[in-house]
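Peer 1: Structure supplied as model.cif; contents: mmCIF, C-alpha atoms.
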```cif
data_run
loop_
_atom_site.label_atom_id
_atom_site.label_comp_id
_atom_site.auth_asym_id
_atom_site.auth_seq_id
_atom_site.Cartn_x
_atom_site.Cartn_y
_atom_site.Cartn_z
CA MET V 67 -3.15 -3.30 -25.85
CA ARG V 68 -0.32 -5.61 -24.88
CA ASN V 69 1.44 -2.78 -23.04
CA SER V 70 -1.71 -1.94 -21.03
CA LYS V 71 -2.07 -5.63 -20.06
CA TYR V 72 1.53 -5.58 -18.92
CA VAL V 73 0.94 -2.41 -16.91
CA ALA V 74 -2.25 -3.87 -15.38
CA HIS V 75 -0.39 -7.07 -14.45
CA TRP V 76 2.47 -5.06 -12.96
CA VAL V 77 0.04 -2.86 -11.00
CA GLU V 78 -1.74 -5.96 -9.73
CA GLY V 79 1.58 -7.44 -8.57
CA ALA V 80 2.60 -4.20 -6.88
CA LEU V 81 -0.75 -3.93 -5.10
CA GLU V 82 -0.46 -7.53 -3.93
CA CYS V 83 3.04 -6.80 -2.62
CA LEU V 84 1.78 -3.68 -0.85
CA ASN V 85 -1.14 -5.60 0.67
CA GLN V 86 1.24 -8.25 1.95
CA THR V 87 3.55 -5.61 3.42
CA VAL V 88 0.63 -3.81 5.11
CA GLY V 89 -0.64 -7.15 6.41
CA GLY V 90 2.80 -7.93 7.78
CA LEU V 91 3.00 -4.52 9.46
CA GLN V 92 -0.44 -5.00 10.98
CA SER V 93 0.53 -8.43 12.26
CA GLU V 94 3.80 -7.07 13.65
CA SER V 95 1.94 -4.18 15.28
CA SER V 96 -0.52 -6.61 16.84
CA GLN V 97 2.35 -8.75 18.15
CA HIS V 98 4.05 -5.68 19.59
CA SER V 99 0.79 -4.56 21.18
CA GLN V 100 0.37 -8.01 22.74
CA ARG V 101 3.96 -7.94 23.94
CA ILE V 102 3.47 -4.46 25.44
CA GLU V 103 0.30 -5.62 27.15
CA GLN V 104 2.15 -8.64 28.51
CA ILE V 105 4.94 -6.38 29.80
CA ARG V 106 2.34 -4.15 31.45
CA GLU V 107 0.72 -7.16 33.09
CA ASP V 108 4.11 -8.39 34.25
CA SER V 109 5.00 -4.96 35.57
CA LYS V 110 1.86 -4.93 37.73
CA LEU V 111 3.23 -7.89 39.57
CA ILE V 112 6.34 -5.98 40.59
CA ALA V 113 5.71 -4.61 44.04
CA ILE V 114 8.49 -2.07 44.28
CA PRO V 115 7.42 1.37 42.97
CA VAL V 116 10.91 2.22 41.70
CA ARG V 117 10.93 -0.88 39.59
CA GLU V 118 7.46 0.01 38.29
CA GLN V 119 8.73 3.38 37.21
CA LYS V 120 11.73 1.80 35.49
CA VAL V 121 9.53 -0.79 33.80
CA GLU V 122 7.08 1.89 32.66
CA CYS V 123 9.98 3.98 31.38
CA LEU V 124 11.39 0.97 29.54
CA MET V 125 7.95 0.16 28.17
CA GLU V 126 7.55 3.70 26.92
CA GLU V 127 10.96 3.49 25.27
CA LYS V 128 10.02 0.19 23.62
CA ILE V 129 6.69 1.62 22.51
CA GLN V 130 8.51 4.59 21.03
CA GLU V 131 11.00 2.26 19.28
CA VAL V 132 8.22 0.13 17.82
CA TRP V 133 6.29 3.24 16.79
CA GLY V 134 9.39 4.73 15.17
CA ALA V 135 10.12 1.48 13.31
CA MET V 136 6.54 1.35 12.05
CA MET V 137 6.68 4.97 10.92
CA ARG V 138 10.00 4.39 9.12
CA GLU V 139 8.59 1.31 7.40
CA LEU V 140 5.47 3.24 6.42
CA ALA V 141 7.61 6.11 5.04
CA ASN V 142 9.69 3.59 3.05
CA LEU V 143 6.51 2.02 1.73
CA LYS V 144 5.15 5.45 0.73
CA ASP V 145 8.42 6.26 -1.07
CA TYR V 146 8.29 2.94 -2.87
CA VAL V 147 4.70 3.50 -3.99
CA LYS V 148 5.54 7.06 -5.12
CA GLN V 149 8.55 5.87 -7.14
CA TRP V 150 6.52 3.06 -8.64
CA ALA V 151 3.68 5.45 -9.60
CA GLU V 152 6.14 7.88 -11.20
CA SER V 153 7.78 5.02 -13.10
CA GLU V 154 4.40 3.78 -14.32
CA GLN V 155 3.40 7.28 -15.43
CA CYS V 156 6.67 7.57 -17.35
CA ASN V 157 6.09 4.16 -18.96
CA ARG V 158 2.52 5.14 -19.89
CA ASN V 159 3.72 8.44 -21.38
CA GLU V 160 6.40 6.65 -23.40
CA ALA V 161 3.86 4.11 -24.68
CA ILE V 162 1.42 6.89 -25.64
CA ASP V 163 4.19 8.83 -27.40
CA ALA V 164 5.26 5.73 -29.34
CA LEU V 165 1.66 5.02 -30.32
CA SER V 166 1.20 8.64 -31.43
CA ARG V 167 4.33 8.46 -33.57
CA GLU V 168 3.18 5.19 -35.11
CA LEU V 169 -0.27 6.62 -35.86
CA GLN V 170 1.27 9.72 -37.45
CA GLU V 171 3.56 7.58 -39.60
CA SER V 172 0.60 5.43 -40.66
CA LYS V 173 -1.44 8.52 -41.47
CA THR V 174 1.40 9.97 -43.57
CA PHE V 175 1.86 6.67 -45.39
CA LEU V 176 -1.88 6.38 -46.11
CA TRP V 177 -2.06 9.95 -47.43
CA LYS V 178 0.85 9.23 -49.77
CA GLU V 179 -0.93 6.08 -50.95
CA VAL V 180 -4.14 8.04 -51.54
CA GLU V 181 -2.23 10.63 -53.60
CA ASN V 182 -0.54 7.87 -55.61
CA LEU V 183 -3.89 6.18 -56.26
CA ARG V 184 -5.43 9.53 -57.25
CA ALA V 185 -2.58 10.13 -59.72
CA ASP V 186 -2.94 6.59 -61.10
CA LEU V 187 -6.70 7.07 -61.49
CA GLU V 188 -6.19 10.36 -63.36
CA ASP V 189 -3.68 8.63 -65.64
CA VAL V 190 -6.12 5.79 -66.35
CA GLN V 191 -8.93 8.29 -67.04
CA SER V 192 -6.67 10.22 -69.42
CA ARG V 193 -5.72 7.03 -71.29
CA LEU V 194 -9.37 5.97 -71.48
CA GLY V 195 -10.24 9.36 -72.96
CA CYS V 196 -7.52 8.98 -75.57
CA GLN V 197 -8.67 5.45 -76.40
CA GLU V 198 -12.27 6.60 -76.65
CA THR V 199 -11.24 9.32 -79.10
CA GLU V 200 -9.24 6.78 -81.13
CA ILE V 201 -12.19 4.37 -81.18
CA CYS V 202 -14.50 7.14 -82.36
CA ASN V 203 -12.00 8.09 -85.07
CA HIS V 204 -11.65 4.44 -86.13
CA HIS V 205 -15.41 4.05 -86.13
CA ALA V 206 -15.74 7.13 -88.36
CA ASP V 207 -12.99 5.80 -90.63
CA ILE V 208 -14.75 2.41 -90.88
CA ARG V 209 -18.04 4.13 -91.70
CA ASP V 210 -16.31 6.20 -94.37
CA ILE V 211 -14.64 3.07 -95.81
CA LYS V 212 -17.99 1.22 -95.87
CA HIS V 213 -19.58 4.18 -97.59
CA VAL V 214 -16.79 4.30 -100.18
CA GLN V 215 -17.09 0.51 -100.68
CA ALA V 216 -20.81 0.80 -101.16
CA LYS V 217 -20.28 3.51 -103.84
CA CYS V 218 -17.61 1.38 -105.50
CA ARG V 219 -19.96 -1.61 -105.68
CA LYS V 220 -22.58 0.50 -107.39
CA PHE V 221 -20.16 1.54 -110.09
CA ARG V 222 -18.86 -1.94 -110.80
CA PRO V 223 -20.47 -3.87 -113.59
#
```
Will you turn the file into structure tokens for me?

Peer 2:
Amino acid sequence: MRNSKYVAHWVEGALECLNQTVGGLQSESSQHSQRIEQIREDSKLIAIPVREQKVECLMEEKIQEVWGAMMRELANLKDYVKQWAESEQCNRNEAIDALSRELQESKTFLWKEVENLRADLEDVQSRLGCQETEICNHHADIRDIKHVQAKCRKFRP
């Protein structure tokens, strides 16, 4: 139970980190979009067509750079999430294996205890049988002694 709480806490932290990273990327993308829009607006003010072509070419290059950076960051984020998921699966499997081993050991121990108790119970039953036989024999002996005493009292003057 403690291990699953740890895993849940770790997952929650990882998700929070991922949400923050995605939020940061969205904010950065929005800033880049605003910057690109500003550059476009500024480029409209340039009257010379050659300069417009250069500015548009530069803008396209910048857009491609920003897009590439975003894609690289997204790929890194995907790799991180994949590694984290694999690590968590490994941790879960190890925890399940440890729990299975512990349960098997407990089961083996309990079966041994049951067998020991069964043997002890059979021993007690055997001793009780012997004692019961002895008591019956003693009871018969006492009855015989009382009978002999009663006969002896009759013969005494």

Peer 1: So that I can check the surroundings of segment 87-96 of chain V, please list as a list in words every protein, DNA and RNA residue that reaches within 9 Å of it, counting only C-alpha atoms and ignoring chain neighbours fewer than 5 positions away.

Peer 2: Glu82, Arg101, Val132, Trp133, Met136, Glu139, Leu140 and Leu143 of chain V

Peer 1: As a check of understanding, name the residues that the PyMOL selection byres ((chain V and resi 147-155) around 10) selects in the supplied structure, as a VMD selection string.

Peer 2: chain V and resid 73 76 to 77 80 to 81 84 141 to 146 156 to 161

Peer 1: Which value, in Å to one decimal, gives the distance between atom CA of Thr199 of chain V and atom CA of Leu183 of chain V?

Peer 2: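 Interatomic distance here is 24.2 Å.
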
Peer 1: Quick check, in Å to one decimal: how far apart do atom CA of Glu126 of chain V and atom CA of Ile102 of chain V lie?

Peer 2: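 Separating atom CA of Glu126 of chain V from atom CA of Ile102 of chain V is a distance of 9.2 Å.
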
Peer 1: Out of V:Leu165, V:Leu124, V:Leu194, V:Ala216, which residue has the shortest atom-to-atom distance to Ile105 of chain V when counting all atoms listed in the file?

Peer 2: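 Selected residue with least distance to Ile105 of chain V: V:Leu124.
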
Peer 1: Mind giving me the straight-line distance from atom CA of Lys173 of chain V to atom CA of Ser192 of chain V in Å, one decimal?

Peer 2: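 We find that atom CA of Lys173 of chain V and atom CA of Ser192 of chain V lie 28.5 Å from each other.
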